[in-house]
Each structure stands twice: as structure tokens, then as C-alpha cells.
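Dropping upload_27.cif in here (mmCIF, C-alpha atoms):
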data_work
loop_
_atom_site.label_atom_id
_atom_site.label_comp_id
_atom_site.auth_asym_id
_atom_site.auth_seq_id
_atom_site.Cartn_x
_atom_site.Cartn_y
_atom_site.Cartn_z
CA TRP A 1 11.31 70.37 17.75
CA GLU A 2 8.88 67.41 17.64
CA ILE A 3 5.84 69.70 17.50
CA ASP A 4 3.70 67.22 15.50
CA PHE A 5 4.30 64.52 18.10
CA ILE A 6 3.46 66.91 20.95
CA ILE A 7 0.28 68.14 19.24
CA ASN A 8 -0.81 64.59 18.39
CA ARG A 9 -0.38 63.34 21.94
CA GLY A 10 -1.88 66.56 23.37
CA VAL A 11 -5.05 66.17 21.30
CA ILE A 12 -5.39 62.45 22.07
CA TYR A 13 -4.80 62.71 25.82
CA GLY A 14 -6.76 65.96 26.11
CA LEU A 15 -9.84 64.37 24.55
CA TRP A 16 -9.26 61.21 26.52
CA THR A 17 -9.13 63.05 29.85
CA THR A 18 -12.16 65.18 28.99
CA VAL A 19 -14.30 62.21 27.97
CA LEU A 20 -13.25 60.15 31.01
CA ALA A 21 -14.02 63.04 33.36
CA ALA A 22 -17.42 63.64 31.75
CA VAL A 23 -18.32 59.93 31.85
CA TRP A 24 -17.16 59.64 35.48
CA ALA A 25 -19.15 62.71 36.58
CA ALA A 26 -22.32 61.60 34.77
CA THR A 27 -22.04 58.03 36.03
CA ALA A 28 -21.33 59.08 39.62
CA LYS A 29 -24.27 61.52 39.63
CA LEU A 30 -26.63 58.92 38.15
CA LEU A 31 -25.54 56.21 40.61
CA GLU A 32 -25.78 58.64 43.53
CA MET A 33 -29.38 59.46 42.61
CA MET A 34 -30.22 55.76 42.28
CA PHE A 35 -28.60 54.78 45.60
CA ALA A 36 -30.14 57.78 47.36
CA LYS A 37 -33.59 56.37 46.67
CA VAL A 38 -32.56 52.98 48.05
CA ILE A 39 -30.26 53.65 51.00
CA GLY A 40 -30.85 57.32 51.55
CA ILE A 41 -28.09 59.78 52.41
CA GLY A 42 -24.37 58.95 52.24
CA ALA A 43 -24.54 57.34 48.80
CA GLY A 44 -21.98 59.72 47.25
CA PRO A 45 -18.77 57.76 48.08
CA ILE A 46 -20.29 54.47 46.93
CA ALA A 47 -21.46 56.01 43.65
CA ALA A 48 -18.05 57.61 43.08
CA GLY A 49 -16.28 54.30 43.70
CA LEU A 50 -18.51 52.39 41.30
CA ALA A 51 -18.05 55.13 38.71
CA VAL A 52 -14.27 54.70 38.99
CA LEU A 53 -14.67 50.96 38.34
CA GLY A 54 -16.76 51.74 35.27
CA ILE A 55 -14.10 54.14 34.01
CA GLY A 56 -11.52 51.39 34.42
CA LEU A 57 -13.45 49.19 31.99
CA ILE A 58 -13.38 51.78 29.18
CA PHE A 59 -9.91 53.15 30.03
CA GLY A 60 -7.91 51.29 27.37
CA PRO A 61 -10.51 50.86 24.58
CA LEU A 62 -11.44 54.55 24.72
CA ARG A 63 -7.83 55.66 24.29
CA THR A 64 -7.37 53.32 21.31
CA ARG A 65 -10.55 54.57 19.62
CA LEU A 66 -9.62 58.23 20.18
CA GLU A 67 -6.11 57.65 18.81
CA VAL A 68 -7.51 55.97 15.69
CA TRP A 69 -10.02 58.82 15.20
CA VAL A 70 -7.43 61.59 15.65
CA ASN A 71 -4.89 59.93 13.35
CA HIS A 72 -7.55 59.24 10.71
CA ASN A 73 -8.86 62.82 10.66
CA PHE A 74 -5.73 64.87 11.33
CA TYR A 75 -2.82 62.58 10.40
CA ALA A 76 -4.03 60.74 7.32
CA HIS A 77 -0.43 60.28 6.09
CA LYS A 78 0.56 58.33 9.20
CA LEU A 79 1.73 54.78 8.55
CA ASN A 80 -0.86 52.16 9.50
CA LEU A 81 0.76 48.73 9.55
CA SER A 82 -2.45 46.68 9.63
CA ARG A 83 -4.07 48.70 6.85
CA ASP A 84 -1.15 49.45 4.54
CA PHE A 85 0.92 46.27 4.88
CA VAL A 86 -1.52 43.37 5.10
CA GLU A 87 1.07 41.29 3.21
CA PHE A 88 3.13 41.14 6.41
CA LEU A 89 0.35 39.46 8.40
CA PRO A 90 0.97 35.76 9.22
CA GLU A 91 -1.85 34.47 7.04
CA ALA A 92 -0.45 36.21 3.94
CA ARG A 93 3.28 35.55 4.28
CA ALA A 94 3.25 32.12 2.66
CA THR A 95 1.42 33.30 -0.47
CA ILE A 96 3.64 36.19 -1.62
CA ASP A 97 6.88 35.91 -3.53
CA CYS A 98 9.96 37.47 -1.91
CA SER A 99 10.66 39.88 -4.79
CA GLU A 100 7.01 40.98 -4.78
CA LEU A 101 7.17 41.52 -1.02
CA LEU A 102 10.26 43.75 -1.38
CA GLN A 103 8.55 45.80 -4.09
CA ILE A 104 5.47 46.30 -1.91
CA LEU A 105 7.56 47.34 1.09
CA ILE A 106 9.62 49.95 -0.72
CA ARG A 107 6.84 51.30 -2.97
CA ARG A 108 4.19 51.75 -0.29
CA THR A 109 6.61 53.23 2.24
CA LEU A 110 7.67 55.88 -0.28
CA GLU A 111 4.08 56.63 -1.31
CA ILE A 112 2.57 56.85 2.19
CA LEU A 113 5.27 59.02 3.75
CA HIS A 114 6.12 60.99 0.57
CA ILE A 115 9.76 59.93 0.41
CA LEU A 116 11.86 60.67 -2.67
CA HIS A 117 13.63 57.33 -3.05
CA GLY A 118 14.60 54.18 -1.22
CA ALA A 119 16.33 50.82 -1.39
CA ILE A 120 16.39 47.46 0.36
CA PHE A 121 19.58 45.57 1.16
CA LEU A 122 19.53 41.92 2.21
CA LYS A 123 22.27 39.78 3.71
CA ASP A 124 23.80 37.16 1.44
CA ALA A 125 25.36 33.80 2.39
CA ALA A 126 28.57 35.62 3.41
CA ASP A 127 26.65 38.04 5.70
CA ARG A 128 27.26 40.96 3.35
CA LEU A 129 24.50 43.47 2.66
CA GLN A 130 23.61 43.35 -1.04
CA LEU A 131 21.20 45.58 -2.96
CA ALA A 132 17.93 43.65 -3.45
CA GLU A 133 15.36 46.30 -4.45
CA ILE A 134 15.49 49.97 -5.41
CA GLN A 135 13.12 52.74 -6.44
CA ASN A 136 13.69 56.23 -7.87
CA LEU A 137 17.48 55.90 -7.54
CA SER A 138 20.35 54.47 -9.54
CA PRO A 139 22.11 51.32 -8.25
CA GLN A 140 25.44 53.16 -8.32
CA ALA A 141 24.13 55.87 -5.98
CA ALA A 142 22.56 53.29 -3.65
CA GLN A 143 25.89 51.46 -3.27
CA SER A 144 27.51 54.54 -1.72
CA ILE A 145 26.54 53.56 1.85
CA ASP A 146 29.41 53.00 4.27
CA TRP A 147 28.20 50.10 6.42
CA GLU A 148 31.17 50.02 8.77
CA GLY A 149 30.06 53.02 10.80
CA SER A 150 26.44 51.96 11.18
CA LEU A 151 26.44 48.14 11.12
CA LYS A 152 26.85 47.67 14.89
CA LEU A 153 23.86 49.89 15.66
CA LEU A 154 21.78 48.23 12.95
CA GLN A 155 22.53 44.80 14.41
CA LYS A 156 21.10 46.04 17.71
CA GLY A 157 17.87 47.00 15.95
CA GLU A 158 18.51 50.75 16.10
CA VAL A 159 17.01 53.04 13.44
CA ILE A 160 19.76 55.40 12.23
CA GLN A 161 19.27 58.96 10.95
CA GLN A 162 22.03 60.13 8.63
CA SER A 163 21.97 63.90 8.37
CA GLY A 164 25.17 64.10 6.36
CA HIS A 165 24.53 61.28 3.88
CA SER A 166 23.83 62.49 0.35
CA GLU A 167 21.43 59.70 -0.64
CA PHE A 168 19.81 58.13 2.43
CA SER A 169 18.51 60.00 5.46
CA LEU A 170 17.29 56.93 7.32
CA LEU A 171 18.50 53.35 7.76
CA VAL A 172 15.90 50.96 9.17
CA PRO A 173 17.12 47.48 10.23
CA LEU A 174 15.04 44.52 9.05
CA MET A 175 15.10 42.18 12.03
CA LEU A 176 14.20 38.53 12.53
CA GLN A 177 13.22 37.17 15.95
CA ARG A 178 15.19 34.01 16.76
CA GLY A 179 14.19 32.87 20.23
CA GLU A 180 15.07 35.70 22.59
CA ARG A 181 17.44 37.53 20.25
CA LEU A 182 16.99 39.63 17.13
CA GLU A 183 19.01 38.97 14.00
CA LEU A 184 19.67 41.53 11.26
CA ILE A 185 18.68 40.17 7.83
CA GLY A 186 18.57 43.39 5.86
CA VAL A 187 18.21 47.17 5.82
CA LEU A 188 15.50 49.49 4.49
CA ALA A 189 17.30 52.65 3.36
CA LEU A 190 15.14 55.75 2.83
CA GLY A 191 15.90 59.10 1.28
CA ALA A 192 14.67 62.56 2.21
CA ARG A 193 11.00 63.61 2.40
CA GLN A 194 9.50 65.44 -0.58
CA ASP A 195 8.56 68.43 1.61
CA GLY A 196 11.95 68.50 3.35
CA ARG A 197 10.54 67.55 6.79
CA GLN A 198 12.61 65.42 9.14
CA TYR A 199 11.38 62.06 10.40
CA SER A 200 9.57 62.42 13.73
CA ILE A 201 10.07 60.30 16.86
CA ASP A 202 6.65 58.73 16.32
CA GLU A 203 7.61 57.74 12.76
CA LEU A 204 10.90 56.24 13.93
CA TRP A 205 9.03 53.98 16.39
CA THR A 206 6.60 53.01 13.64
CA PHE A 207 9.49 52.15 11.33
CA LYS A 208 10.97 49.94 14.03
CA THR A 209 7.71 47.97 14.33
CA LEU A 210 7.42 47.77 10.54
CA ALA A 211 10.99 46.51 10.26
CA ASN A 212 10.34 43.64 12.67
CA ARG A 213 7.22 42.56 10.77
CA ALA A 214 8.86 42.99 7.39
CA GLY A 215 11.98 41.08 8.45
CA THR A 216 9.92 38.07 9.51
CA ALA A 217 7.81 38.20 6.34
CA ILE A 218 10.89 38.45 4.09
CA TYR A 219 12.60 35.55 5.88
CA ILE A 220 9.53 33.33 5.42
CA ALA A 221 9.28 34.33 1.76
CA GLN A 222 12.96 33.45 1.28
CA LEU A 223 12.40 30.04 2.87
CA ASN A 224 9.43 29.45 0.58
CA MET A 225 11.58 30.32 -2.44
CA GLU A 226 14.35 27.98 -1.33
CA ASN A 227 11.91 25.13 -0.71
CA THR A 228 10.24 25.70 -4.08
CA LEU A 229 13.62 25.68 -5.81
CA LYS A 230 14.62 22.43 -4.07
CA VAL A 231 11.36 20.76 -5.12
CA ARG A 232 11.86 21.87 -8.72
CA GLN A 233 15.41 20.55 -8.70
CA GLN A 234 14.22 17.21 -7.35
CA ILE A 235 11.52 17.02 -10.03
CA THR A 236 14.07 17.84 -12.74
CA ALA A 237 16.44 15.17 -11.40
CA LEU A 238 13.64 12.58 -11.38
CA GLU A 239 12.64 13.47 -14.93
CA GLU A 240 16.23 13.09 -16.13
CA ARG A 241 16.49 9.73 -14.35
CA VAL A 242 13.29 8.54 -16.03
CA LYS A 243 14.67 9.58 -19.42
CA LEU A 244 17.89 7.63 -18.76
CA LEU A 245 15.90 4.54 -17.78
CA GLU A 246 13.71 4.84 -20.86
CA ALA A 247 16.80 5.15 -23.06
CA ARG A 248 18.43 2.13 -21.42
CA TYR A 249 15.27 0.01 -21.45
CA PRO A 250 13.17 0.98 -24.48
CA PRO A 251 9.51 -0.25 -24.62
CA GLU A 252 10.27 -2.97 -27.19
CA MET A 253 12.59 -4.69 -24.67
CA ASN A 254 9.79 -4.94 -22.12
CA PRO A 255 8.10 -8.39 -22.50
CA ARG A 256 4.86 -6.94 -21.19
CA SER A 257 4.74 -4.07 -23.68
CA ASP A 258 2.81 -6.15 -26.29
CA ARG A 259 0.18 -7.36 -23.88
CA GLY A 260 -3.25 -5.83 -24.11
#
Just dump the structure as C-alpha cells.
Amino acid sequence: WEIDFIINRGVIYGLWTTVLAAVWAATAKLLEMMFAKVIGIGAGPIAAGLAVLGIGLIFGPLRTRLEVWVNHNFYAHKLNLSRDFVEFLPEARATIDCSELLQILIRRTLEILHILHGAIFLKDAADRLQLAEIQNLSPQAAQSIDWEGSLKLLQKGEVIQQSGHSEFSLLVPLMLQRGERLELIGVLALGARQDGRQYSIDELWTFKTLANRAGTAIYIAQLNMENTLKVRQQITALEERVKLLEARYPPEMNPRSDRG
């Protein structure tokens, strides 16, 4: 029974409908009074039509503001991607190390949603999922996942609930957008909630959005690491080459070395 989801949407859309109706009625009445002084009788339909146009302008923004207000006051634990994971925004991706990004993802997810433990698995060069980060759980316990039964669904971007799994209740695919297709680059595996509650439909959709952002951010961080490593290797190779040249041609053999 997704009662939290039903209550959340009921409160948001109930307030939304009430406010829109009140604004429409007040606007229509005010416009009718104004037009009545100008054109006389028969101003009601014109005022009602203009009031509908005015409602159309605030239709979307009002719903967004009401949703933010309801979630802030009644669902403070709800995951807010822009607030809680600013590291996944485009302007921050190039400045954060991959290992630090994984730690932020797993730690904040557990803290915000009160989850007992979690782990992150990333694909290696052989397309095998390897444990990359873990919190509140032993590596041996994290390795107990059977990927064969869930890998096909994960590759499609589906969030999987595992009611019978002893360690992880939820598997969230970390996806990377490549053109028009999504590619699985890793998995965020989450344990049970501290209060024993199940994950709601709303939370599953939020996890799916988070996974897409996190997958892109992790991929960029990995590229940055690889590029940094290549640059360091090139610098090391150049330094060794300079040392070899200095050993082969010492300063005393250079005819210009004694010139001032």
C-alpha cells in the first residue's frame, strides 16, 4: 500500500486545485466588475475567459512551488537531487575525484533515507561488476549478489527490489547516456531501511533519476583520472629521458658549458 505516495499527491493536488479555483474566481469577479463599467452587461464570459488565460500562466509554476513546500514541511527526508548531490551537477563533475564521488554517493544516500548499509559496484575492463565502495558492510557479504538473475533488467535501466536477498533490498543501475541508448556502468546496491519501511514508488523514480546523474558524473570522473594518469606517465617518461641524456652527455662535454 503506497499510502505515503497517495497522501503526498493528494495534498499537493488538493492545494493546487483549491488555489487555482480561488485565483480563477477572484480574477473572474474582478475582471467582470472592471468590464461591466466599460462595456456594461454581458461581461461575464469575457472575464471568465481572461481569467482562464491567467490561470494558464501560473499553472506549472504554482504546482512546482506547492510540491516544494509540501515536501519541505511534511517530507523532509525526501531525496532532493539538486540540494543533496550538487557534486553531480555539470559544473562540479570535473573537480571531484572518482573515489570521493563514490563515497559521497553512498554516504549521503544512506544518511538521507536512513538505510542500514550499501555498496557500489563498477564495471571493469572485462565488463564484470567489481566492488568499488562500501559502507557499514563487510566486503565478503557484499560479494554475495547473484548478478545473473538481475543483470538483464539492470542493463535496461530498471531498479530492482530484492525481497528475498539477505543483504541488499534494492539494486539501482548507474547508467550512462551514449547517444540515444543507455549503458550500464555500475550498480548502487542498498540494504534495508532502519525503520523497516519498504521503498516507495516515488523513491524508486527518484533513485532512477539519481542513477542517471551519478552514472554520468562517475564516468567523467573516471575519464579525468585516466587522463591525469596518462599525463603523469608522460611526465615520468620525459624525466627519465632527460636523465639518460644528461648521463650520456654530461655538462663538461658541452663546449658551451664554460661560457658566461
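The two atoms in question, CA of Leu31 (chain A) and CA of Glu67 (chain A), are spaced 29.2 Å apart.
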Would you write out, as JSON lines, a table of all residues in region 100-197 of chain A that have an atom no more than 8 Å from an atom of region 218-238 of chain A, listing for each the closest atom pair and the distance in Å to one decimal, considering all atoms listed in the file and ordering rows by chain and rising residue number?
{"residue": "A:Leu101", "atom": "CA", "partner": "A:Ile218", "partner_atom": "CA", "distance": 7.0}
{"residue": "A:Leu102", "atom": "CA", "partner": "A:Ile218", "partner_atom": "CA", "distance": 7.6}
{"residue": "A:Leu176", "atom": "CA", "partner": "A:Tyr219", "partner_atom": "CA", "distance": 7.5}
{"residue": "A:Ile185", "atom": "CA", "partner": "A:Tyr219", "partner_atom": "CA", "distance": 7.9}
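The smallest atom-to-atom distance between Gly196 (chain A) and any of A:His114, A:Lys156, A:Arg248, A:Arg181, using only C-alpha atoms, is found for A:His114.
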Selection in question (the file shown): the PyMOL selection byres ((chain A and resi 175) around 7). Which residues does it include, as a VMD selection string?
chain A and resid 157 173 to 174 176 to 177 182 to 185 211 to 212 215
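Proximity ranking of A:Phe121, A:Val68, A:Ala28, A:Ile58 relative to Val11 (chain A) places A:Val68 first, based on only C-alpha atoms.
Taking all atoms listed in the file into account, Ala119 (chain A) lies nearest to A:Ala189 out of the set A:Ala189, A:Cys98, A:Leu105, A:Val172.
Take CA of Glu111 (chain A) and CA of Ala132 (chain A): the distance between them is 19.1 Å.
Of note, CA of Gly149 (chain A) and CA of Ala126 (chain A) are spaced 19.0 Å apart.
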Within 8 Å of Leu131 (chain A), counting all atoms listed in the file, which residues qualify if same-chain residues fewer than 2 places away don't, as a compact mmCIF listing (two decimals) with C-alpha atoms, keeping the file's coordinate frame?
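Okay, around11.txt is ready:
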# COMPACT_ATOMS: atom_id res chain seq x y z
CA ALA A 119 16.33 50.82 -1.39
CA ILE A 120 16.39 47.46 0.36
CA PHE A 121 19.58 45.57 1.16
CA LEU A 122 19.53 41.92 2.21
CA LEU A 129 24.50 43.47 2.66
CA GLU A 133 15.36 46.30 -4.45
CA ILE A 134 15.49 49.97 -5.41
CA PRO A 139 22.11 51.32 -8.25
CA ALA A 142 22.56 53.29 -3.65
CA GLN A 143 25.89 51.46 -3.27
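Every protein or nucleic acid residue with an atom no more than 12 Å from region 14-18 of chain A, counting all atoms listed in the file and leaving out same-chain residues fewer than 5 positions away, appears here: Ile6, Ile7, Asn8, Arg9, Val23, Trp24, Ala25, Ile55, Ile58, Phe59, Gly60, Pro61, Leu62, Arg63, Thr64, Arg65, Leu66, Glu67, Trp69 and Val70 of chain A.
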Using only C-alpha atoms, can you list as a short mmCIF file (atom, residue, chain, number, x, y, z; two decimals) with C-alpha atoms, in the coordinates of the input the residues within 9 Å of (16.2, 58.3, -2.2)?
data_model
loop_
_atom_site.label_atom_id
_atom_site.label_comp_id
_atom_site.auth_asym_id
_atom_site.auth_seq_id
_atom_site.Cartn_x
_atom_site.Cartn_y
_atom_site.Cartn_z
CA ILE A 115 9.76 59.93 0.41
CA LEU A 116 11.86 60.67 -2.67
CA HIS A 117 13.63 57.33 -3.05
CA GLY A 118 14.60 54.18 -1.22
CA ALA A 119 16.33 50.82 -1.39
CA ILE A 134 15.49 49.97 -5.41
CA GLN A 135 13.12 52.74 -6.44
CA ASN A 136 13.69 56.23 -7.87
CA LEU A 137 17.48 55.90 -7.54
CA ALA A 142 22.56 53.29 -3.65
CA GLU A 167 21.43 59.70 -0.64
CA PHE A 168 19.81 58.13 2.43
CA SER A 169 18.51 60.00 5.46
CA ALA A 189 17.30 52.65 3.36
CA LEU A 190 15.14 55.75 2.83
CA GLY A 191 15.90 59.10 1.28
CA ALA A 192 14.67 62.56 2.21
CA ARG A 193 11.00 63.61 2.40
#
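Residue nearest Met34 (chain A) within the list A:Ala247, A:Ile160, A:Ala47, A:Leu154: A:Ala47 [criterion: smallest interatomic distance, only C-alpha atoms].
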